[in-house]
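Note sheet for the following structure.
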Amino acid sequence: MSSIISLSGIQKYYGDYHALRGIDLEIKQGEFFSLLGPSGCGKTTLLRVIAGFEGVSEGVLLLDGADMARVPANKRPTNMVFQSYAIFPHLTVGQNVAFGLRKKGLSKDDMAKAAAEALEMVGLAGYGDRAAHALSGGQRQRVALARALVLKPKVLLLDEPLSALDKKMREQMQSELRRLQRQVGITFILVTHDQEEALIMSDRIAVMFEGEIAQMASPQELYRRPATRRVGEFIGVMNFLEAKQTGTSEKTISFDVEGLGAAEIGIDQFPEGARASADVVGLRPEALSILFEGQKTSGRVADATVQDLAYYGDMTYYEVTLEGSSTPVTISMKNLISRPVLERGTKTRVQWDERSLVIFAA
Amino acid sequence: MNWLRVYAIVYLVFLYLPVLLLPVFSFNDATVIAFPLQGFTTQWFKELAGISALHGALKNSLFIGIVSATLSTILGICAARASTRYRFPFKAPIMGAIMLPLVLPEIIVAVSLLVVLMQLGFSLTSWTVIMGHTLICTPFAIAILSSSFQGLDQSLEEAAVDLGETRWGAFSKIILPLVTPGIVASFLIAFTISMDEFIIAFFLTGADPTLPVYIWSQLRFPKRLPSVMALGTLLIVASLVLLSVAEYFRRRGIRRTGAKDSGGFL
Amino acid sequence: MLLLLAVPLATIFAFSFWSQDFLSIDRTLTLKNYREAFTDPIYRVFLLRSLWISGVVTVVTVVLAFPIAYFVSFHVPPERKALWIFLITIPFWTSYLLRAFLWKVILGFNGVLNSGLLGLGIIDEPLTFILYNTNAVVITLAHAFAPFTILPIYVALEKIDRSLLEASQDLGEGTARTFFRVTLPLAMPGVVAATLIVFIPTIGDYVTPRLVGGPDGLMIANMIQTQFLKLNNAPMGAALSVLAMGAVTLISLIFLFANRRFLK
Ligand SMILES: Nc1ncnc2c1ncn2[C@@H]1O[C@H](COP(=O)(O)OP(=O)(O)OP(=O)(O)O)[C@@H](O)[C@H]1O
Ligand SMILES: [Mg+2]
């Protein structure tokens with residue numbers, strides 16, 4: 001498949017401030033792509049560069065193979081759903097949705113029909129005559145979507161479209177957006193600082209820090225094999241334990257891991273360039289489990305003491321220290337009828353698996 | 001609580017006292033402005049119709065008011081847009097300097113303009129008054145329009161461009177309609193200020209006086225006072241009409257954008 | 001626009017250092033005007049009187065206006081507030097000139113007040129202490145600037161989060177002490193704005209002192225006007241303008257500085 005968007009060497013300066021530091025990115029037709037990163041890392045800037053609201057200081061941007069350097073925002077085959085939705089308050093819902101159609105040279109009837117269809121698609125059939133300012137947050141969001149989708153852009157850009165909604169509404173819109181994207185087959189680029197949202201919705205995610213892409217991968221890959229410690233920390237919860245390299249063989253490298261002891265890690269588990277420099281390994285909370293009385297072990301075991309716990313109903317998160325280490329380690333356990341919830345200070349044993357250790361690039 | 005309400009009512013009486021006297025004396029059948037009242041007459045209003053100097057002054061004032069209000073509103077739009085949309089060097093000091101006439105005693109504006117005009121050898125005409133009035137009205141226009149422009153989400157304009165409009169199309173289709181109430185309000189207030197302004201007009205006017213300058217000249221003649229009262233009454237009625245129009249536009253603007261009504265003018 | 005403002009101000013500044021003989025202007029720099037302004041008692045009297053009157057007007061206006069702003073903000077139901085503000089502003093859409101003149105009519109020897117009070121038998125002979133002196137100027141100006149003081153204070157009061165007042169009472173403060181410890185400090189930005197809005201323009205007011213001030217109520221603006229239009233001594237007028245401006249700026253800055261802790 002060919003790339004619908006291709007960025008190479010994009011640099012952006014605001015005066016002295018270096019907002020984008022060499023972005024390279026290929027996004028395929030029909031992909032649901034997310035830009036994820038902490039506040040101020042340049043996600044919005046990158047999106048606005050693609051939309052044409054910001055020029056670039058350096059680099060090339062191709063949209064469907066065409067160089068966009070001289071194409072103004074209103075001529076680009078992209079449309080945007082703004083964080084504030086930017087619904088025109090003096091127009092009706094229908095006029096808002098039909099706003100961009102006027103430039104397409106459609107007849108009045110065709111325009112009305114297209115607008116009505118778009119409204120139906122987002123679940124707002126019959127809202128065309130409503131005043132735009134009399135809508136709820138979720139409805140505004142849908143109008144903004146319909147207004148952009150009705151133009152059948154090659155790429156739809158969404159800047160934190162769900163951040164203004166409450167939790168329930170957000171979850172509902174997440175699945176709805178996903179469904180819509182599959183239905184229309186348009187490439188979506190979603191900006192978010194919510195890692196959970198990115199994982200749930202995307203085919204691929206680019207994690208950005210300070211104007212640079214730290215890692216670009218599928219949600220699973222990103223979660224299981226974060227390339228850097230920072231990515232690992234940013235996405236989900238990750239424990240970090242000190243590790244000393246003790247030997248190498250053809251297929252594996254041996255480590256002595258703080259609190260866990262010797263571990264052999266397959267070379268194929270290493271991200272590129274990680275090799276010799278690793279002095280810390282990462283471990284997800286679910287990669288460790290507490291051994292309850294009478295349970296059989298099926299992997300490696302270490303002694304631990306429960307320091308603290310947080311009870312979530314379906315899950316309990318334990319904070320333990322491993323024997324011979326003072327680093328707190330988080331373990332998540334599903335709560336079952338047969339399992340007690342341990343108390344603070346309980347001595348217990350934890351089970352772990354060498355295959356779930358993560359090594360980072362330097 | 002109760003004494004506060006009483007105080008508020010007394011205060012309102014104080015505020016309205018002089019204004020209410022205007023219509024009272026303009027219908028009073030006596031040449032002296034004093035109590036007790038002498039009976040009802042519309043003579044003073046009829047007299048107004050026959051004073052051609054007054055008509056000239058009125059026309060002149062209307063002309064000056066309309067031109068200064070237009071100029072200051074246009075300048076206000078540019079300045080308000082520049083200050084809310086763009087960043088530029090020395091923005092704060094420049095905006096501060098533009099707003100300066102708001103706090104400068106008017107006499108200073110008047111004499112300094114006069115001095116410059118004298119130096120440059122300009123003769124005093126309606127246009128010199130317009131210059132002065134534009135200068136003092138612009139800060140008001142900027143203040144009103146800035147709040148209109150600031151209330152706008154900047155992404156509205158970008159959204160229009162994103163949907164295929166040109167920059168100008170986005171401005172005219174989205175921004176202008178949304179700030180129209182502000183523009184109308186700014187125009188009306190600038191117009192009112194200009195119509196009412198005395199000192200600058202007094203210093204800068206040429207052969208044709210403005211309405212306030214004309215009124216000033218009439219205040220010296222006791223015989224003319226009743227008709228001046230009648231004129232004042234008409235002016236109140238006119239400004240109440242203008243005010244209602246302005247308020248209507250403001251309400252409409254609020255209804256349009258669905259914002260909450262948050263108080264009256266200014 | 002900037003030029004329109006900067007050039008006149010610069011010129012007047014320059015002018016104040018020149019001198020004039022009848023119709024010709026001597027452009028050699030001189031401090032003569034300033035020396036004269038400071039030594040000739042008449043100018044000093046005018047300047048000081050202007051500052052004094054402006055100060056009194058400011059205090060009177062703000063003190064009178066605060067309870068109104070407070071009343072509208074705290075005791076008027078929300079849906080009636082706009083109406084009250086409207087009521088307060090309406091009188092100010094009549095010609096300022098006429099309003100000042102009407103005060104002359106009201107306060108005059110056989111004016112409305114005196115003829116009314118005489119008619120009612122409350123006084124036996126007309127009150128004379130109210131017209132053609134500084135009292136009249138203060139009354140008229142306090143009236144003229146009423147909405148300009150009420151509005152900023154009202155806006156500041158409206159911004160006060162009502163739960164702060166409840167918090168104060170919750171913490172054991174009575175109504176009066178809540179007012180002085182919470183409401184008033186939070187309303188100070190409005191009060192400061194109102195003060196400046198009244199103080200600065202009143203210094204340069206021409207109409208009111210001329211109409212109701214009498215010989216003892218004239219202010220610096222009248223003197224400036226005389227210098228410019230009657231005595232043809234523009235440089236002296238310019239020097240007085242610069243002095244007036246300087247005094248206003250200085251006092252405003254001192255006032256702002258004194259209140260800086262409220263303005264963060
Ligand atoms: N017009 C501008 N001029 C100067 N600096 C800017 C401008 N726009 C953005 N920046 C800076 O660029 C950096 C990246 O901004 P951007 O809006 O892209 O962040 P973001 O990742 O979208 O953050 P958020 O999650 O808070 O929206 C920020 O530090 C911001 O201050
Ligand atoms: Mg952003």
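Naming works like this for the structure tokens: A, B, ... for the chains as they're shown, residue 1 at the start of each chain, ligands 1 onward in shown order.
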Within 8 Å of Phe82 (chain A) using only C-alpha atoms, minus same-chain residues under 2 positions, as number ranges by chain
A: 80, 84-86, 144, 158-161; B: 155, 159
Within 10 Å of ligand 2 (counting only C-alpha atoms and all ligand atoms), which residues show up? I'd like them as a list in words.
Gly37, Pro38, Ser39, Gly40, Cys41, Gly42, Lys43, Thr44, Thr45, Leu46, Leu47, Arg48, Phe82, Gln83, Asp159, Glu160, Val191, Thr192 and His193 of chain A
Using DSSP on the backbone, list every residue of region 16-235 of chain A that comes out as helix (DSSP H, G or I), and give them as a PyMOL selection string.
chain A and resi 43-51+73-75+93-104+108-121+132-134+137-149+167-184+195-201+219-224+229-234
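By chain and then residue number, the residues within 10 Å of Leu15 (chain B) are Ile9, Val10, Tyr11, Val19 and Leu20 of chain B; Leu87, Ile88, Thr89, Ile90, Pro91, Phe92, Ala142, His143, Ala144, Ala146 and Pro147 of chain C, counting only C-alpha atoms and disregarding those fewer than 4 positions away in sequence.
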List as a tab-separated table (two decimals) with N, CA, C and O atoms, in the first residue's frame the protein and nucleic acid residues near region 102-118 of chain A, meaning an atom at most 8 Å away when only C-alpha atoms are counted, but skip any in the same chain fewer than 3 places from it.
chain	number	residue	atom	x	y	z
A	94	GLY	N	-27.26	22.44	10.11
A	94	GLY	CA	-27.22	22.10	8.69
A	94	GLY	C	-26.28	23.02	7.92
A	94	GLY	O	-25.46	22.56	7.11
A	97	VAL	N	-22.71	22.09	8.59
A	97	VAL	CA	-22.25	20.89	7.88
A	97	VAL	C	-22.06	21.19	6.39
A	97	VAL	O	-21.13	20.71	5.76
A	98	ALA	N	-22.93	22.03	5.85
A	98	ALA	CA	-22.85	22.31	4.41
A	98	ALA	C	-21.82	23.39	4.09
A	98	ALA	O	-21.58	23.68	2.92
A	99	PHE	N	-21.18	23.94	5.11
A	99	PHE	CA	-20.30	25.11	4.90
A	99	PHE	C	-19.26	24.89	3.80
A	99	PHE	O	-19.10	25.71	2.91
A	121	MET	N	-25.04	9.93	9.52
A	121	MET	CA	-23.89	9.07	9.78
A	121	MET	C	-23.36	9.25	11.21
A	121	MET	O	-22.94	8.30	11.85
A	122	VAL	N	-23.42	10.49	11.70
A	122	VAL	CA	-22.91	10.72	13.06
A	122	VAL	C	-24.03	10.65	14.09
A	122	VAL	O	-23.83	11.03	15.25
A	125	ALA	N	-29.41	12.66	12.78
A	125	ALA	CA	-30.43	12.84	11.75
A	125	ALA	C	-31.52	13.76	12.26
A	125	ALA	O	-31.95	13.65	13.41
A	126	GLY	N	-31.94	14.73	11.44
A	126	GLY	CA	-33.04	15.61	11.83
A	126	GLY	C	-32.63	16.81	12.66
A	126	GLY	O	-33.47	17.58	13.09
A	128	GLY	N	-30.70	19.20	11.52
A	128	GLY	CA	-30.22	20.23	10.60
A	128	GLY	C	-30.66	21.65	10.91
A	128	GLY	O	-29.90	22.59	10.70
A	146	ALA	N	-19.17	15.56	11.23
A	146	ALA	CA	-19.98	15.52	10.00
A	146	ALA	C	-19.51	16.60	9.04
A	146	ALA	O	-19.39	16.37	7.84
A	147	ARG	N	-19.21	17.78	9.58
A	147	ARG	CA	-18.81	18.91	8.74
A	147	ARG	C	-17.52	18.60	7.98
A	147	ARG	O	-17.34	19.03	6.84
A	149	LEU	N	-16.28	15.34	7.49
A	149	LEU	CA	-16.39	14.11	6.70
A	149	LEU	C	-17.20	14.31	5.43
A	149	LEU	O	-16.98	13.63	4.43
A	150	VAL	N	-18.12	15.25	5.47
A	150	VAL	CA	-18.99	15.45	4.32
A	150	VAL	C	-18.17	15.87	3.09
A	150	VAL	O	-18.58	15.67	1.96
B	164	GLY	N	-12.25	25.08	3.14
B	164	GLY	CA	-12.10	25.51	1.75
B	164	GLY	C	-12.25	26.99	1.49
B	164	GLY	O	-12.09	27.43	0.37
B	165	GLU	N	-12.55	27.80	2.54
B	165	GLU	CA	-12.67	29.23	2.31
B	165	GLU	C	-11.29	29.88	2.22
B	165	GLU	O	-10.34	29.40	2.82
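Using only C-alpha atoms, the shortest contact distance between chain B and any of C:Gly121, C:Pro201, C:Gly237, C:Gly190 is found at C:Pro201.
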Ranking A:Glu264, A:Glu354, A:Glu120, A:Glu176 by minimum distance to Thr246 (chain A) and counting only C-alpha atoms, which one comes first?
A:Glu264
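Each of C:Ile150, C:Leu256, C:Leu97, C:Leu141 was compared to Val192 (chain C) using only C-alpha atoms, and C:Leu256 turns out to be the nearest.
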Quick one: everything within 8 Å of region 177-182 of chain B, counting only C-alpha atoms, minus sequence neighbours fewer than 2 positions away in the same chain. Send it as a ChimeraX atom specification.
/A:90 /B:144-145,148-149,172-175,184-186,249-250,252-253,257
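Any residue of chain A with an atom no more than 6 Å from chain B counts as a contact; using only C-alpha atoms, that gives Ala73, Asn74, Asn79, Ala86, Pro89, His90, Gly100 and His133 of chain A.
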Nearest to ligand 1 by atom-to-atom distance, counting only C-alpha atoms and all ligand atoms, from A:Phe209, A:Phe234, A:Phe33, A:Phe292
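With only C-alpha atoms and all ligand atoms as the atom set, the closest residue is A:Phe209.
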Pairwise distance, CA of Lys168 (chain A) with CA of Leu180 (chain A), equals 18.5 Å
Can you tell me, as number ranges by chain, which residues in region 248-307 of chain A count as strand (DSSP E) by DSSP?
A: 248, 252-257, 261-266, 280-283, 288-291, 300-307
Selected residue of minimal separation from ligand 1 among B:Ser126, B:Arg85, B:Thr73, B:Pro18, counting only C-alpha atoms and all ligand atoms
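Smallest separation from ligand 1 among the options: B:Arg85.
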Fewer than 5 positions away in the same chain doesn't count, so skip those; otherwise give me all residues within 8 Å of region 127-133 of chain B, counting only C-alpha atoms, as a PDB file with all heavy atoms, in the first residue's frame.
ATOM      1  N   ILE B  64     -19.767  65.292  11.266  1.00  0.00           N
ATOM      2  CA  ILE B  64     -18.556  64.981  12.027  1.00  0.00           C
ATOM      3  C   ILE B  64     -18.728  63.677  12.791  1.00  0.00           C
ATOM      4  O   ILE B  64     -17.844  62.821  12.802  1.00  0.00           O
ATOM      5  CB  ILE B  64     -18.224  66.138  13.002  1.00  0.00           C
ATOM      6  CG1 ILE B  64     -17.776  67.349  12.194  1.00  0.00           C
ATOM      7  CG2 ILE B  64     -17.146  65.725  13.993  1.00  0.00           C
ATOM      8  CD1 ILE B  64     -17.585  68.598  13.022  1.00  0.00           C
ATOM      9  N   GLY B  65     -19.900  63.513  13.397  1.00  0.00           N
ATOM     10  CA  GLY B  65     -20.153  62.302  14.180  1.00  0.00           C
ATOM     11  C   GLY B  65     -20.071  61.062  13.319  1.00  0.00           C
ATOM     12  O   GLY B  65     -19.423  60.073  13.689  1.00  0.00           O
ATOM     13  N   VAL B  67     -18.629  60.637  10.312  1.00  0.00           N
ATOM     14  CA  VAL B  67     -17.286  60.367   9.775  1.00  0.00           C
ATOM     15  C   VAL B  67     -16.353  59.882  10.883  1.00  0.00           C
ATOM     16  O   VAL B  67     -15.653  58.880  10.721  1.00  0.00           O
ATOM     17  CB  VAL B  67     -16.709  61.630   9.094  1.00  0.00           C
ATOM     18  CG1 VAL B  67     -15.287  61.368   8.624  1.00  0.00           C
ATOM     19  CG2 VAL B  67     -17.579  62.021   7.915  1.00  0.00           C
ATOM     20  N   SER B  68     -16.366  60.553  12.052  1.00  0.00           N
ATOM     21  CA  SER B  68     -15.438  60.109  13.111  1.00  0.00           C
ATOM     22  C   SER B  68     -15.802  58.714  13.590  1.00  0.00           C
ATOM     23  O   SER B  68     -14.919  57.906  13.868  1.00  0.00           O
ATOM     24  CB  SER B  68     -15.445  61.031  14.328  1.00  0.00           C
ATOM     25  OG  SER B  68     -15.750  62.328  13.980  1.00  0.00           O
ATOM     26  N   VAL B 109      -5.599  66.904  24.713  1.00  0.00           N
ATOM     27  CA  VAL B 109      -5.733  66.472  23.325  1.00  0.00           C
ATOM     28  C   VAL B 109      -6.067  67.673  22.463  1.00  0.00           C
ATOM     29  O   VAL B 109      -5.473  67.896  21.401  1.00  0.00           O
ATOM     30  CB  VAL B 109      -6.841  65.398  23.197  1.00  0.00           C
ATOM     31  CG1 VAL B 109      -7.007  64.996  21.751  1.00  0.00           C
ATOM     32  CG2 VAL B 109      -6.525  64.193  24.061  1.00  0.00           C
ATOM     33  N   ALA B 110      -6.997  68.476  22.943  1.00  0.00           N
ATOM     34  CA  ALA B 110      -7.447  69.612  22.165  1.00  0.00           C
ATOM     35  C   ALA B 110      -6.314  70.596  21.902  1.00  0.00           C
ATOM     36  O   ALA B 110      -6.023  70.947  20.756  1.00  0.00           O
ATOM     37  CB  ALA B 110      -8.598  70.304  22.887  1.00  0.00           C
ATOM     38  N   LEU B 113      -3.445  69.192  19.630  1.00  0.00           N
ATOM     39  CA  LEU B 113      -3.796  69.160  18.214  1.00  0.00           C
ATOM     40  C   LEU B 113      -3.799  70.571  17.633  1.00  0.00           C
ATOM     41  O   LEU B 113      -3.301  70.817  16.540  1.00  0.00           O
ATOM     42  CB  LEU B 113      -5.172  68.524  18.030  1.00  0.00           C
ATOM     43  CG  LEU B 113      -5.171  67.004  17.935  1.00  0.00           C
ATOM     44  CD1 LEU B 113      -6.595  66.485  17.902  1.00  0.00           C
ATOM     45  CD2 LEU B 113      -4.416  66.557  16.691  1.00  0.00           C
ATOM     46  N   SER B 194     -18.842  61.698  19.866  1.00  0.00           N
ATOM     47  CA  SER B 194     -18.516  62.801  18.979  1.00  0.00           C
ATOM     48  C   SER B 194     -19.610  63.871  19.012  1.00  0.00           C
ATOM     49  O   SER B 194     -19.325  65.069  19.052  1.00  0.00           O
ATOM     50  CB  SER B 194     -18.326  62.279  17.560  1.00  0.00           C
ATOM     51  OG  SER B 194     -18.291  63.355  16.660  1.00  0.00           O
ATOM     52  N   GLU B 197     -19.180  65.780  22.324  1.00  0.00           N
ATOM     53  CA  GLU B 197     -17.894  66.326  22.711  1.00  0.00           C
ATOM     54  C   GLU B 197     -17.867  67.839  22.503  1.00  0.00           C
ATOM     55  O   GLU B 197     -18.270  68.343  21.474  1.00  0.00           O
ATOM     56  CB  GLU B 197     -16.801  65.642  21.885  1.00  0.00           C
ATOM     57  CG  GLU B 197     -15.443  65.714  22.501  1.00  0.00           C
ATOM     58  CD  GLU B 197     -14.880  67.104  22.477  1.00  0.00           C
ATOM     59  OE1 GLU B 197     -15.145  67.845  21.505  1.00  0.00           O
ATOM     60  OE2 GLU B 197     -14.167  67.459  23.427  1.00  0.00           O
ATOM     61  N   ILE B 200     -12.838  69.680  22.452  1.00  0.00           N
ATOM     62  CA  ILE B 200     -12.036  69.545  21.247  1.00  0.00           C
ATOM     63  C   ILE B 200     -12.677  70.322  20.108  1.00  0.00           C
ATOM     64  O   ILE B 200     -12.009  71.056  19.366  1.00  0.00           O
ATOM     65  CB  ILE B 200     -11.864  68.050  20.896  1.00  0.00           C
ATOM     66  CG1 ILE B 200     -10.981  67.391  21.956  1.00  0.00           C
ATOM     67  CG2 ILE B 200     -11.267  67.885  19.511  1.00  0.00           C
ATOM     68  CD1 ILE B 200     -10.792  65.921  21.754  1.00  0.00           C
ATOM     69  N   ALA B 201     -13.996  70.185  20.001  1.00  0.00           N
ATOM     70  CA  ALA B 201     -14.701  70.904  18.945  1.00  0.00           C
ATOM     71  C   ALA B 201     -14.531  72.412  19.133  1.00  0.00           C
ATOM     72  O   ALA B 201     -14.317  73.155  18.187  1.00  0.00           O
ATOM     73  CB  ALA B 201     -16.173  70.526  18.963  1.00  0.00           C
ATOM     74  N   LEU B 204     -10.992  73.289  18.007  1.00  0.00           N
ATOM     75  CA  LEU B 204     -10.565  72.968  16.651  1.00  0.00           C
ATOM     76  C   LEU B 204     -11.555  73.364  15.575  1.00  0.00           C
ATOM     77  O   LEU B 204     -11.291  73.214  14.395  1.00  0.00           O
ATOM     78  CB  LEU B 204     -10.286  71.458  16.536  1.00  0.00           C
ATOM     79  CG  LEU B 204      -9.172  70.924  17.433  1.00  0.00           C
ATOM     80  CD1 LEU B 204      -8.950  69.445  17.169  1.00  0.00           C
ATOM     81  CD2 LEU B 204      -7.876  71.696  17.197  1.00  0.00           C
ATOM     82  N   THR B 205     -12.719  73.811  15.982  1.00  0.00           N
ATOM     83  CA  THR B 205     -13.710  74.071  14.956  1.00  0.00           C
ATOM     84  C   THR B 205     -13.387  75.356  14.209  1.00  0.00           C
ATOM     85  O   THR B 205     -12.788  76.300  14.743  1.00  0.00           O
ATOM     86  CB  THR B 205     -15.114  74.144  15.576  1.00  0.00           C
ATOM     87  OG1 THR B 205     -16.060  74.006  14.531  1.00  0.00           O
ATOM     88  CG2 THR B 205     -15.332  75.464  16.287  1.00  0.00           C
TER      89      THR B 205
END
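In terms of minimum interatomic distance to chain B, C:Thr249 ranks closest within C:Thr58, C:Thr183, C:Ser163, C:Thr249, counting only C-alpha atoms.
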Between CA of Leu253 (chain C) and CA of Pro152 (chain C), distance in Å (one decimal):
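Computing it gives 18.8 Å between the two atoms.
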Quick one: residues within 12 Å of Gly261 (chain A), only C-alpha atoms counted, chain neighbours fewer than 5 positions away excluded, as a PyMOL selection string?
chain A and resi 241-246+254-256+300-303+322-325+352-354
